>>> print(open('input.txt').read())   # compact mmCIF, C-alpha atoms and all ligand atoms
# COMPACT_ATOMS: atom_id res chain seq x y z
CA MET A 297 104.08 92.40 105.51
CA PHE A 298 106.27 94.65 107.61
CA ASP A 299 106.24 98.43 107.88
CA LEU A 300 110.03 98.52 107.73
CA ILE A 301 112.87 96.03 107.20
CA VAL A 302 116.48 97.03 107.81
CA ARG A 303 118.68 94.43 106.12
CA HIS A 304 122.30 93.32 106.61
CA CYS A 305 122.79 94.84 110.07
CA THR A 306 125.65 94.24 112.46
CA LEU A 307 124.54 94.48 116.10
CA PRO A 308 126.58 95.81 119.05
CA ASP A 309 126.92 92.28 120.50
CA GLY A 310 128.70 91.17 117.30
CA ARG A 311 125.83 89.39 115.54
CA SER A 312 126.14 90.11 111.81
CA HIS A 313 123.96 89.64 108.67
CA GLN A 314 120.83 90.39 110.73
CA ASP A 315 117.59 91.76 109.30
CA ILE A 316 115.28 93.76 111.56
CA GLY A 317 111.56 93.61 110.78
CA VAL A 318 109.23 96.25 112.21
CA SER A 319 105.45 96.30 112.54
CA ASN A 320 103.32 98.83 114.44
CA GLY A 321 106.33 100.50 116.03
CA ARG A 322 107.80 97.30 117.49
CA ILE A 323 110.52 94.89 116.38
CA THR A 324 108.62 91.81 115.23
CA ALA A 325 111.43 89.82 113.59
CA LEU A 326 115.19 89.75 114.03
CA HIS A 327 117.20 87.12 112.14
CA PRO A 328 119.14 86.73 108.89
CA ALA A 329 117.28 87.02 105.57
CA ILE A 330 113.74 87.90 106.66
CA ALA A 331 111.34 86.70 103.96
CA GLY A 332 108.60 89.00 102.73
CA LYS A 333 108.24 92.63 101.86
CA ALA A 334 107.98 95.90 103.72
CA ALA A 335 106.59 99.34 102.94
CA GLN A 336 110.14 100.63 103.41
CA GLU A 337 113.45 98.80 103.22
CA ILE A 338 116.88 100.06 104.25
CA ASP A 339 120.13 98.28 103.37
CA ALA A 340 122.51 98.70 106.32
CA ALA A 341 125.28 97.13 104.20
CA GLY A 342 126.92 95.54 107.23
CA HIS A 343 127.00 98.74 109.25
CA LEU A 344 126.28 98.84 112.97
CA VAL A 345 122.69 99.18 114.13
CA SER A 346 122.50 100.16 117.78
CA PRO A 347 119.67 100.85 120.18
CA PRO A 348 119.41 104.64 120.64
CA PHE A 349 121.87 106.59 122.72
CA VAL A 350 120.70 107.42 126.24
CA ASP A 351 122.02 110.29 128.35
CA ALA A 352 121.64 109.46 132.04
CA HIS A 353 122.69 112.92 133.27
CA PHE A 354 121.88 116.27 131.72
CA HIS A 355 120.70 119.81 132.51
CA MET A 356 118.05 120.79 129.99
CA ASP A 357 117.12 124.01 131.84
CA SER A 358 120.57 125.57 131.48
CA THR A 359 121.63 124.17 128.11
CA LEU A 360 122.55 126.58 125.29
CA SER A 361 122.78 129.52 127.72
CA TYR A 362 126.56 129.84 127.36
CA GLY A 363 127.78 133.40 127.97
CA GLN A 364 124.64 134.52 129.84
CA PRO A 365 125.26 136.69 131.76
CA ARG A 366 129.00 136.05 131.23
CA VAL A 367 131.49 133.24 130.74
CA ASN A 368 132.81 131.16 133.67
CA GLN A 369 136.31 132.58 134.16
CA SER A 370 137.70 130.17 136.76
CA GLY A 371 136.22 127.09 135.09
CA THR A 372 135.11 125.73 138.47
CA LEU A 373 131.86 124.08 139.53
CA LEU A 374 131.35 126.77 142.17
CA GLU A 375 131.63 129.71 139.72
CA GLY A 376 129.23 127.82 137.44
CA ILE A 377 126.68 127.55 140.27
CA ALA A 378 127.16 131.26 141.08
CA LEU A 379 126.69 132.22 137.41
CA TRP A 380 123.52 130.14 137.13
CA GLY A 381 122.31 131.90 140.30
CA GLU A 382 122.84 135.28 138.57
CA LEU A 383 120.96 134.12 135.49
CA LYS A 384 118.01 132.50 137.31
CA PRO A 385 116.02 135.67 138.18
CA HIS A 386 116.14 136.72 134.51
CA LEU A 387 114.98 133.40 133.05
CA THR A 388 111.71 133.27 131.16
CA GLN A 389 109.68 130.19 130.47
CA ASP A 390 109.72 130.88 126.73
CA ALA A 391 113.51 131.10 126.68
CA ILE A 392 113.93 127.81 128.58
CA VAL A 393 111.45 126.06 126.30
CA GLU A 394 113.09 127.41 123.14
CA ARG A 395 116.59 126.36 124.22
CA ALA A 396 115.46 122.91 125.42
CA LEU A 397 113.54 122.18 122.21
CA ARG A 398 116.53 123.29 120.16
CA TYR A 399 118.70 120.88 122.14
CA GLY A 400 116.07 118.16 121.60
CA ASP A 401 116.52 118.62 117.84
CA TRP A 402 120.29 118.25 118.20
CA ALA A 403 119.77 115.11 120.28
CA VAL A 404 117.42 113.45 117.77
CA ALA A 405 119.83 114.16 114.92
CA LYS A 406 122.53 112.35 116.90
CA GLY A 407 120.34 109.35 117.73
CA LEU A 408 120.04 110.39 121.38
CA LEU A 409 116.43 109.43 122.12
CA ALA A 410 116.28 109.34 125.92
CA ILE A 411 117.60 111.94 128.37
CA ARG A 412 117.44 112.16 132.16
CA SER A 413 117.56 115.88 132.90
CA HIS A 414 117.91 117.47 136.28
CA VAL A 415 115.73 120.57 136.70
CA ASP A 416 116.56 123.20 139.29
CA VAL A 417 113.82 123.57 141.91
CA CYS A 418 115.53 126.36 143.92
CA ASP A 419 113.31 129.03 142.41
CA PRO A 420 109.99 129.68 144.15
CA ARG A 421 108.35 130.25 140.75
CA LEU A 422 109.41 126.76 139.56
CA LEU A 423 109.68 128.33 136.14
CA ALA A 424 112.11 125.73 134.81
CA VAL A 425 109.96 122.87 136.11
CA GLU A 426 106.90 124.17 134.28
CA ALA A 427 108.95 124.78 131.14
CA LEU A 428 110.56 121.33 131.06
CA LEU A 429 107.28 119.53 131.81
CA HIS A 430 105.95 121.29 128.72
CA VAL A 431 109.07 120.33 126.74
CA LYS A 432 108.71 116.71 127.88
CA GLN A 433 105.25 116.54 126.27
CA GLN A 434 106.43 118.34 123.12
CA LEU A 435 109.33 115.93 122.65
CA LYS A 436 107.42 112.77 123.56
CA PRO A 437 106.94 111.48 119.99
CA TYR A 438 110.70 111.63 119.42
CA LEU A 439 112.54 111.50 122.71
CA ASP A 440 111.90 110.25 126.26
CA LEU A 441 112.70 113.04 128.72
CA GLN A 442 112.88 111.97 132.36
CA LEU A 443 113.05 114.83 134.88
CA VAL A 444 114.86 114.94 138.23
CA ALA A 445 113.84 117.47 140.92
CA PHE A 446 117.25 118.98 141.65
CA PRO A 447 117.83 121.37 144.58
CA GLN A 448 120.82 123.10 142.95
CA ASP A 449 121.48 125.46 145.90
CA GLY A 450 121.15 122.74 148.55
CA LEU A 451 118.07 121.06 150.05
CA LEU A 452 118.81 122.39 153.55
CA ARG A 453 120.92 125.38 152.54
CA SER A 454 118.34 126.98 150.24
CA PRO A 455 115.20 128.31 151.99
CA GLY A 456 112.05 126.56 150.78
CA ALA A 457 113.92 123.98 148.71
CA LEU A 458 112.24 120.91 150.23
CA ALA A 459 108.75 122.34 149.76
CA GLN A 460 109.57 123.35 146.18
CA LEU A 461 111.08 119.94 145.43
CA THR A 462 107.97 118.22 146.77
CA ARG A 463 105.76 120.56 144.70
CA ALA A 464 107.80 119.71 141.60
CA LEU A 465 107.17 115.99 142.22
CA ASP A 466 103.45 116.74 142.63
CA MET A 467 103.56 118.52 139.26
CA GLY A 468 104.89 115.39 137.55
CA VAL A 469 108.68 115.44 137.88
CA ASP A 470 109.79 111.81 137.88
CA VAL A 471 112.90 111.42 140.06
CA VAL A 472 114.19 112.75 143.41
CA GLY A 473 117.50 114.65 143.17
CA GLY A 474 119.97 116.09 145.68
CA ILE A 475 123.38 117.70 146.11
CA PRO A 476 124.73 116.67 149.54
CA HIS A 477 128.29 117.97 148.98
CA PHE A 478 126.91 121.51 148.51
CA GLU A 479 125.10 121.60 151.87
CA ARG A 480 126.76 123.68 154.62
CA THR A 481 128.29 120.74 156.49
CA MET A 482 128.99 117.05 155.99
CA ALA A 483 126.27 116.38 158.61
CA ASP A 484 123.73 118.46 156.65
CA GLY A 485 124.74 116.60 153.50
CA ALA A 486 124.08 113.25 155.17
CA GLU A 487 120.76 114.53 156.54
CA SER A 488 119.70 115.68 153.07
CA VAL A 489 120.42 112.21 151.70
CA ARG A 490 118.24 110.65 154.43
CA ILE A 491 115.33 113.03 153.81
CA LEU A 492 115.44 112.59 150.04
CA CYS A 493 115.73 108.79 150.09
CA GLU A 494 112.78 108.56 152.50
CA LEU A 495 110.75 110.89 150.26
CA ALA A 496 111.50 108.66 147.26
CA ALA A 497 110.60 105.52 149.22
CA GLU A 498 107.26 107.03 150.32
CA ARG A 499 106.37 107.95 146.75
CA GLY A 500 107.81 104.90 145.00
CA LEU A 501 110.21 107.03 142.96
CA ARG A 502 113.76 106.71 141.71
CA VAL A 503 116.64 108.75 143.14
CA ASP A 504 119.53 110.40 141.29
CA MET A 505 121.79 112.67 143.33
CA HIS A 506 124.68 114.83 142.36
CA CYS A 507 126.99 113.18 144.86
CA ASP A 508 130.52 114.07 145.95
CA GLU A 509 131.26 116.26 142.91
CA THR A 510 134.44 117.49 144.53
CA ASP A 511 138.15 116.68 144.77
CA ASP A 512 137.81 116.31 148.56
CA PRO A 513 138.58 112.65 149.36
CA LEU A 514 136.63 113.01 152.62
CA SER A 515 133.38 113.75 150.79
CA ARG A 516 131.76 110.36 151.39
CA HIS A 517 128.05 110.95 150.79
CA ILE A 518 127.99 107.97 148.44
CA GLU A 519 128.45 105.80 151.54
CA THR A 520 125.35 107.39 153.11
CA LEU A 521 123.41 107.10 149.84
CA ALA A 522 124.24 103.38 149.59
CA SER A 523 123.33 102.85 153.23
CA HIS A 524 119.87 104.51 153.02
CA THR A 525 119.21 102.77 149.71
CA HIS A 526 119.87 99.44 151.41
CA ARG A 527 117.87 100.33 154.54
CA LEU A 528 114.83 101.46 152.55
CA GLY A 529 114.93 98.64 149.99
CA LEU A 530 115.50 101.00 147.06
CA HIS A 531 117.88 98.58 145.32
CA GLY A 532 118.10 99.20 141.59
CA ARG A 533 116.28 102.56 141.76
CA VAL A 534 119.10 104.84 142.93
CA ALA A 535 122.00 106.46 141.11
CA GLY A 536 124.93 108.52 142.35
CA SER A 537 126.00 111.07 139.75
CA HIS A 538 129.60 112.30 139.41
CA LEU A 539 131.19 110.60 142.50
CA THR A 540 134.41 112.45 141.63
CA SER A 541 135.73 112.44 145.21
CA MET A 542 136.28 108.71 144.72
CA HIS A 543 139.13 109.65 142.34
CA SER A 544 141.01 111.14 145.30
CA MET A 545 140.01 108.66 148.02
CA ASP A 546 142.36 106.33 149.83
CA ASN A 547 142.47 102.89 148.23
CA TYR A 548 141.77 101.08 151.50
CA TYR A 549 138.54 103.02 152.03
CA VAL A 550 137.47 102.38 148.43
CA SER A 551 137.99 98.65 148.99
CA LYS A 552 135.27 98.86 151.66
CA LEU A 553 133.06 101.27 149.70
CA LEU A 554 132.69 99.38 146.41
CA PRO A 555 131.07 96.29 147.98
CA LEU A 556 128.65 98.59 149.85
CA ILE A 557 127.62 100.26 146.57
CA LYS A 558 127.24 96.87 144.90
CA GLU A 559 125.19 95.50 147.82
CA SER A 560 122.78 98.45 147.65
CA GLY A 561 122.30 98.21 143.88
CA VAL A 562 123.22 101.90 143.48
CA ALA A 563 124.34 102.79 139.95
CA ALA A 564 127.07 105.30 139.14
CA ILE A 565 126.92 108.01 136.50
CA ALA A 566 130.23 109.56 135.50
CA ASN A 567 130.30 112.66 133.33
CA PRO A 568 133.69 112.48 131.60
CA LEU A 569 133.61 115.76 129.63
CA ILE A 570 132.58 117.80 132.64
CA ASN A 571 134.57 115.93 135.30
CA ILE A 572 137.85 116.35 133.45
CA THR A 573 137.05 120.02 132.86
CA LEU A 574 135.89 121.07 136.34
CA GLN A 575 137.93 118.85 138.65
CA GLY A 576 141.54 119.40 139.65
CA ARG A 577 141.23 123.18 139.27
CA HIS A 578 142.91 123.76 142.63
CA ASP A 579 145.86 121.50 141.80
CA THR A 580 149.17 122.53 140.31
CA TYR A 581 150.96 119.38 139.11
CA PRO A 582 150.32 116.47 139.15
CA LYS A 583 146.81 117.63 138.29
CA ARG A 584 144.00 115.22 139.19
CA ARG A 585 141.65 114.22 136.38
CA GLY A 586 138.73 113.86 138.76
CA MET A 587 136.59 111.23 137.07
CA THR A 588 135.31 108.49 139.36
CA ARG A 589 136.76 104.96 139.34
CA VAL A 590 134.89 103.55 136.36
CA PRO A 591 136.78 100.30 135.56
CA GLU A 592 136.99 99.38 139.24
CA MET A 593 133.24 99.85 139.71
CA LEU A 594 132.48 97.83 136.58
CA ALA A 595 134.77 95.06 137.87
CA ALA A 596 132.81 95.11 141.14
CA GLY A 597 129.57 94.54 139.18
CA ILE A 598 128.24 98.10 139.59
CA ASP A 599 126.32 99.67 136.69
CA VAL A 600 128.23 102.69 135.35
CA ALA A 601 126.82 105.06 132.74
CA PHE A 602 128.43 108.09 131.10
CA GLY A 603 126.40 111.32 130.98
CA HIS A 604 126.88 114.49 128.93
CA ASP A 605 125.86 116.70 131.89
CA CYS A 606 126.23 120.08 130.17
CA VAL A 607 126.23 121.56 126.68
CA MET A 608 127.05 125.25 126.27
CA ASP A 609 126.02 126.47 129.72
CA PRO A 610 127.67 128.15 132.76
CA TRP A 611 129.72 124.99 133.43
CA TYR A 612 130.80 123.95 129.94
CA GLY A 613 131.13 125.88 126.69
CA LEU A 614 131.30 122.93 124.31
CA GLY A 615 129.31 119.78 123.43
CA SER A 616 126.88 118.79 120.70
CA ALA A 617 124.51 116.08 122.06
CA ASP A 618 126.93 113.47 120.72
CA MET A 619 127.07 110.60 123.22
CA LEU A 620 129.90 109.02 121.21
CA GLU A 621 131.99 112.08 122.09
CA VAL A 622 131.11 111.44 125.74
CA ALA A 623 132.11 107.77 125.42
CA HIS A 624 135.32 108.78 123.62
CA MET A 625 136.37 111.05 126.49
CA GLY A 626 135.32 108.48 129.12
CA LEU A 627 137.38 105.79 127.40
CA HIS A 628 140.47 108.01 127.43
CA VAL A 629 140.18 109.35 130.96
CA ALA A 630 139.49 105.88 132.39
CA GLN A 631 142.15 104.29 130.15
CA MET A 632 139.59 101.71 129.01
CA THR A 633 141.49 100.67 125.89
CA SER A 634 141.00 96.89 125.69
CA GLN A 635 138.41 95.66 123.18
CA ALA A 636 136.14 94.55 126.02
CA ALA A 637 136.51 97.89 127.83
CA MET A 638 135.72 99.86 124.66
CA ARG A 639 132.50 97.87 124.33
CA GLN A 640 131.72 98.74 127.96
CA CYS A 641 132.17 102.43 127.08
CA PHE A 642 129.62 102.01 124.28
CA GLU A 643 127.22 100.30 126.71
CA ALA A 644 127.74 103.24 129.11
CA VAL A 645 125.92 105.51 126.62
CA THR A 646 123.30 102.96 125.47
CA SER A 647 122.07 99.90 127.39
CA THR A 648 123.41 100.77 130.87
CA PRO A 649 121.73 104.21 131.13
CA ALA A 650 118.56 102.67 129.66
CA ARG A 651 118.56 100.28 132.63
CA ILE A 652 119.23 103.12 135.09
CA LEU A 653 116.34 105.17 133.68
CA GLY A 654 114.09 102.07 133.68
CA LEU A 655 113.17 102.53 130.01
CA GLU A 656 110.42 100.15 128.87
CA GLY A 657 110.92 98.20 125.63
CA TYR A 658 114.51 99.34 125.06
CA GLY A 659 116.88 97.15 123.06
CA LEU A 660 117.26 95.15 119.89
CA GLU A 661 115.08 92.10 120.53
CA VAL A 662 111.71 90.98 119.24
CA GLY A 663 109.05 92.86 121.20
CA CYS A 664 111.17 95.95 121.87
CA HIS A 665 110.23 99.38 120.52
CA ALA A 666 111.51 99.85 116.97
CA ASP A 667 113.96 102.53 118.08
CA PHE A 668 117.50 102.32 116.72
CA VAL A 669 120.36 104.13 115.03
CA LEU A 670 122.24 103.10 111.87
CA LEU A 671 125.84 104.18 112.28
CA GLN A 672 128.61 104.57 109.70
CA ALA A 673 130.78 102.09 111.58
CA HIS A 674 131.08 98.33 111.85
CA ASP A 675 131.42 97.79 115.59
CA PRO A 676 131.11 99.78 118.84
CA ALA A 677 134.83 100.58 119.08
CA GLU A 678 134.87 101.99 115.55
CA ALA A 679 131.73 103.98 116.32
CA ILE A 680 133.52 105.61 119.28
CA ARG A 681 136.78 106.09 117.34
CA LEU A 682 135.01 107.97 114.54
CA ARG A 683 132.13 109.52 116.52
CA ALA A 684 130.35 107.80 113.64
CA THR A 685 127.85 109.52 111.38
CA ARG A 686 124.22 108.70 112.20
CA LEU A 687 123.08 107.46 108.78
CA ALA A 688 119.51 106.95 110.03
CA VAL A 689 117.66 107.43 113.30
CA VAL A 690 114.50 105.35 113.72
CA ARG A 691 111.83 105.94 116.37
CA ARG A 692 108.83 103.60 116.67
CA GLY A 693 109.57 102.33 113.15
CA GLN A 694 109.78 105.78 111.49
CA VAL A 695 112.98 107.33 110.14
CA ILE A 696 113.04 110.65 112.00
CA ALA A 697 116.56 111.81 111.04
CA HIS A 698 119.23 110.91 108.56
CA THR A 699 122.68 112.18 107.70
CA PRO A 700 124.59 111.46 104.47
CA PRO A 701 127.63 109.21 104.82
CA THR A 702 130.85 111.06 105.44
CA VAL A 703 133.15 110.69 102.47
CA ALA A 704 136.22 112.82 101.83
CA THR A 705 137.05 113.61 98.22
CA LEU A 706 140.79 113.87 97.73
CA LYS A 707 142.69 115.89 95.14
CA LEU A 708 146.04 114.13 95.32
CA PRO A 709 147.80 112.90 92.18
CA GLN A 710 148.18 109.12 92.02
CA ARG A 711 146.09 108.56 95.15
CA PRO A 712 142.47 107.32 95.48
CA SER A 713 139.94 109.95 94.50
CA SER A 714 137.83 109.51 97.62
CA VAL A 715 137.93 107.72 100.92
CA ALA A 716 135.06 106.70 103.16
CA TRP A 717 135.41 108.36 106.49
CA SER A 718 135.41 105.06 108.36
CA LEU A 719 138.93 104.36 107.04
CA SER A 720 138.44 100.71 107.89
CA ALA A 721 141.52 98.52 107.86
FE FE2 B 801 124.92 117.71 136.75
>>> encode(input="input.txt", output="structure tokens")
Amino acid sequence: MFDLIVRHCTLPDGRSHQDIGVSNGRITALHPAIAGKAAQEIDAAGHLVSPPFVDAHFHMDSTLSYGQPRVNQSGTLLEGIALWGELKPHLTQDAIVERALRYGDWAVAKGLLAIRSHVDVCDPRLLAVEALLHVKQQLKPYLDLQLVAFPQDGLLRSPGALAQLTRALDMGVDVVGGIPHFERTMADGAESVRILCELAAERGLRVDMHCDETDDPLSRHIETLASHTHRLGLHGRVAGSHLTSMHSMDNYYVSKLLPLIKESGVAAIANPLINITLQGRHDTYPKRRGMTRVPEMLAAGIDVAFGHDCVMDPWYGLGSADMLEVAHMGLHVAQMTSQAAMRQCFEAVTSTPARILGLEGYGLEVGCHADFVLLQAHDPAEAIRLRATRLAVVRRGQVIAHTPPTVATLKLPQRPSSVAWSLSA
């Protein structure tokens, strides 16, 4: 007897006609035509069942604050940071908690069940840290929230940042963050990377730095990050977020850099929606698109995830917690249009970020947590094409969200009366 059986599933790796049996919150059977009964049965009718979406890069403390105190006029990263600085003294814990929980609801509805969120520690009150630690506990039954201690105004540039970052880790923040390209000099940036990697090594923590989020091809902190990761034996525990300077780097230098990143086991997190919006703002034409070199890193064997980064905040006025929208933009900007590349884009918002976050029991195998999403699509490429409807979202064997299938009803003489939104060929 199972608690739940989902029948006639297609899996992201192409396996079809699969039944998923769930007991006590775990997947306990996965094969065609499971015999026996369950308290609840769902017929997937051949639709895609995926492990949950995972966002490897987000800012839960600033989300849904768009327009406070005003809208970013230049559209640049630097005006966004300045705006956030204006808003910070007026933040309240209640407001941060309310906005973050509201975003958590959006995420669950979209099958996004794990988020790595940076939290700004450049506020002596550590208001956002306290708020998001509270939110993490509140969301725990539905969503895994991993927090990164992020010195938004610079570890060395902002007075007290290192002490505050350390205090945030003591309070329970999970990951060490950084922002070397925002320090006063390249040398300070490199020094901040050394300090932060050594801090993570001492404490046995993971590292995820905003790294080289600039169009300056000479911003090469990723090289330093890879080097310290290798020196300290942090392989597999470090990620470089953004890495947009790599878009503008000389090809010869990149041919040296990629093997160094691979050797160190550093993962890359691109943020397609934000990178294409913020980068290239100082260009006329041709206008650089700014996203890092995703296909080239994948070809070099480097893990690359896509993050949402921002939703309705000082940096970005759009977004809806839909990781398929993120994958859709990433696919276009990186020109990843082959069937294999489209599957890689789907993995960049599911299994790859799960690996970067170190999520336990993630995936669709016997023994994994019974966490998955039933999509109104038949394969990963179709899911991205349609930003497919999340027919059901399951967490630990319980359906925690569902959305009716999208069907358009037409009023055209001598044409079909309705058409399923998937518009399958
Ligand atoms: Fe970010």
>>> residues_near_ligand(input="input.txt", ligand="ligand FE2 801 (chain B)", cutoff="10 Å", atoms="all atoms listed in the file", output="PyMOL selection string")
chain A and resi 353-355+373+413-415+446+448+475+505-507+509+537-538+565-567+570-571+603-606+611
>>> residues_near_point(input="input.txt", point="(115.1, 115.5, 119.3)", cutoff="10 Å", atoms="only C-alpha atoms", output="list of chain:residue names")
A:Ala396, A:Leu397, A:Arg398, A:Tyr399, A:Gly400, A:Asp401, A:Trp402, A:Ala403, A:Val404, A:Ala405, A:Lys406, A:Gly407, A:Leu408, A:Leu409, A:Ala410, A:Gln434, A:Leu435, A:Lys436, A:Pro437, A:Tyr438, A:Leu439, A:Asp440, A:Ala617, A:Ile696, A:Ala697
>>> closest_residue(input="input.txt", among="A:Pro328, A:Pro676, A:Gly561, A:Gly597", to="Gln314 of chain A", atoms="only C-alpha atoms")
A:Pro328
>>> residues_around(input="input.txt", residues="Ala564 of chain A", least_positions_apart="2", cutoff="8 Å", atoms="all atoms listed in the file", output="PDB file with C-alpha atoms, in the frame of the given file")
ATOM      1  CA  ALA A 535     122.000 106.460 141.110  1.00  0.00           C
ATOM      2  CA  GLY A 536     124.930 108.520 142.350  1.00  0.00           C
ATOM      3  CA  SER A 537     126.000 111.070 139.750  1.00  0.00           C
ATOM      4  CA  HIS A 538     129.600 112.300 139.410  1.00  0.00           C
ATOM      5  CA  LEU A 539     131.190 110.600 142.500  1.00  0.00           C
ATOM      6  CA  VAL A 562     123.220 101.900 143.480  1.00  0.00           C
ATOM      7  CA  ALA A 566     130.230 109.560 135.500  1.00  0.00           C
ATOM      8  CA  ILE A 598     128.240  98.100 139.590  1.00  0.00           C
ATOM      9  CA  ASP A 599     126.320  99.670 136.690  1.00  0.00           C
ATOM     10  CA  VAL A 600     128.230 102.690 135.350  1.00  0.00           C
ATOM     11  CA  ALA A 601     126.820 105.060 132.740  1.00  0.00           C
TER      12      ALA A 601
END
>>> residues_around(input="input.txt", residues="Gly376 of chain A", least_positions_apart="4", cutoff="9 Å", atoms="only C-alpha atoms", output="list in words")
Val367, Asn368, Ser370, Gly371, Thr372, Trp380, Gly381, Asp609, Pro610, Trp611 and Tyr612 of chain A
>>> residues_around(input="input.txt", residues="Asp419 of chain A", least_positions_apart="5", cutoff="12 Å", atoms="all atoms listed in the file", output="ChimeraX atom specification")
/A:380-381,383-387,424-426,445-450,454-461,463-464
>>> atom_distance(input="input.txt", atom1="atom CA of Val489 of chain A", atom2="atom CA of Thr525 of chain A")
9.7 Å
>>> residues_around(input="input.txt", residues="Arg453 of chain A", least_positions_apart="5", cutoff="10 Å", atoms="only C-alpha atoms", output="list of chain:residue names")
A:Pro447, A:Gln448, A:Pro476, A:Phe478, A:Glu479, A:Arg480, A:Thr481, A:Asp484, A:Gly485, A:Ser488
>>> axis_aligned_box(input="input.txt", around="segment 385-403 of chain A", padding_each_side="3 Å", output="JSON")
{"center_x": 115.0, "center_y": 125.9, "center_z": 128.0, "size_x": 16.6, "size_y": 27.6, "size_z": 26.3}
>>> atom_distance(input="input.txt", atom1="atom CA of Ala352 of chain A", atom2="atom CA of Arg651 of chain A")
9.7 Å
>>> residues_near_point(input="input.txt", point="(108.6, 98.7, 118.2)", cutoff="8 Å", atoms="only C-alpha atoms", output="list in words")
Val318, Ser319, Asn320, Gly321, Arg322, Ile323, Thr324, Gly657, Gly663, Cys664, His665, Ala666, Asp667, Arg692 and Gly693 of chain A
>>> residues_around(input="input.txt", residues="segment 302-311 of chain A", least_positions_apart="4", cutoff="6 Å", atoms="only C-alpha atoms", output="PyMOL selection string")
chain A and resi 315-316+337-345
>>> closest_residue(input="input.txt", among="A:Glu519, A:Pro513, A:Met482, A:Arg691", to="Leu300 of chain A", atoms="only C-alpha atoms")
A:Arg691
>>> atom_distance(input="input.txt", atom1="atom CA of Leu569 of chain A", atom2="atom CA of Gly659 of chain A")
25.9 Å
>>> closest_residue(input="input.txt", among="A:Ser346, A:Val607, A:Gly317, A:Ser358", to="Leu660 of chain A", atoms="all atoms listed in the file")
A:Ser346
>>> decode(input="input.txt", residues="segment 427-440 of chain A", atoms="N, CA and C atoms", output="mmCIF file, in the first residue's frame")
data_model
loop_
_atom_site.group_PDB
_atom_site.id
_atom_site.type_symbol
_atom_site.label_atom_id
_atom_site.label_comp_id
_atom_site.auth_asym_id
_atom_site.auth_seq_id
_atom_site.Cartn_x
_atom_site.Cartn_y
_atom_site.Cartn_z
ATOM 1 N N ALA A 427 15.380 38.251 9.789
ATOM 2 C CA ALA A 427 14.095 38.042 9.107
ATOM 3 C C ALA A 427 14.128 36.776 8.255
ATOM 4 N N LEU A 428 15.209 36.597 7.478
ATOM 5 C CA LEU A 428 15.240 35.445 6.567
ATOM 6 C C LEU A 428 15.499 34.133 7.303
ATOM 7 N N LEU A 429 16.193 34.178 8.450
ATOM 8 C CA LEU A 429 16.310 32.953 9.250
ATOM 9 C C LEU A 429 14.933 32.523 9.752
ATOM 10 N N HIS A 430 14.113 33.509 10.101
ATOM 11 C CA HIS A 430 12.739 33.221 10.515
ATOM 12 C C HIS A 430 11.946 32.649 9.338
ATOM 13 N N VAL A 431 12.091 33.284 8.177
ATOM 14 C CA VAL A 431 11.383 32.827 6.966
ATOM 15 C C VAL A 431 11.804 31.407 6.608
ATOM 16 N N LYS A 432 13.097 31.114 6.755
ATOM 17 C CA LYS A 432 13.601 29.770 6.436
ATOM 18 C C LYS A 432 12.845 28.703 7.238
ATOM 19 N N GLN A 433 12.649 28.971 8.532
ATOM 20 C CA GLN A 433 11.913 28.024 9.375
ATOM 21 C C GLN A 433 10.445 27.942 8.964
ATOM 22 N N GLN A 434 9.859 29.095 8.669
ATOM 23 C CA GLN A 434 8.438 29.131 8.276
ATOM 24 C C GLN A 434 8.194 28.326 6.998
ATOM 25 N N LEU A 435 9.138 28.417 6.064
ATOM 26 C CA LEU A 435 8.948 27.785 4.759
ATOM 27 C C LEU A 435 9.365 26.318 4.747
ATOM 28 N N LYS A 436 10.066 25.893 5.782
ATOM 29 C CA LYS A 436 10.711 24.570 5.783
ATOM 30 C C LYS A 436 9.808 23.413 5.334
ATOM 31 N N PRO A 437 8.544 23.365 5.741
ATOM 32 C CA PRO A 437 7.724 22.232 5.277
ATOM 33 C C PRO A 437 7.532 22.207 3.761
ATOM 34 N N TYR A 438 7.708 23.349 3.109
ATOM 35 C CA TYR A 438 7.374 23.452 1.683
ATOM 36 C C TYR A 438 8.590 23.671 0.792
ATOM 37 N N LEU A 439 9.583 24.348 1.324
ATOM 38 C CA LEU A 439 10.638 24.877 0.454
ATOM 39 C C LEU A 439 11.944 24.933 1.242
ATOM 40 N N ASP A 440 13.038 24.465 0.619
ATOM 41 C CA ASP A 440 14.355 24.553 1.265
ATOM 42 C C ASP A 440 14.974 25.896 0.928
#
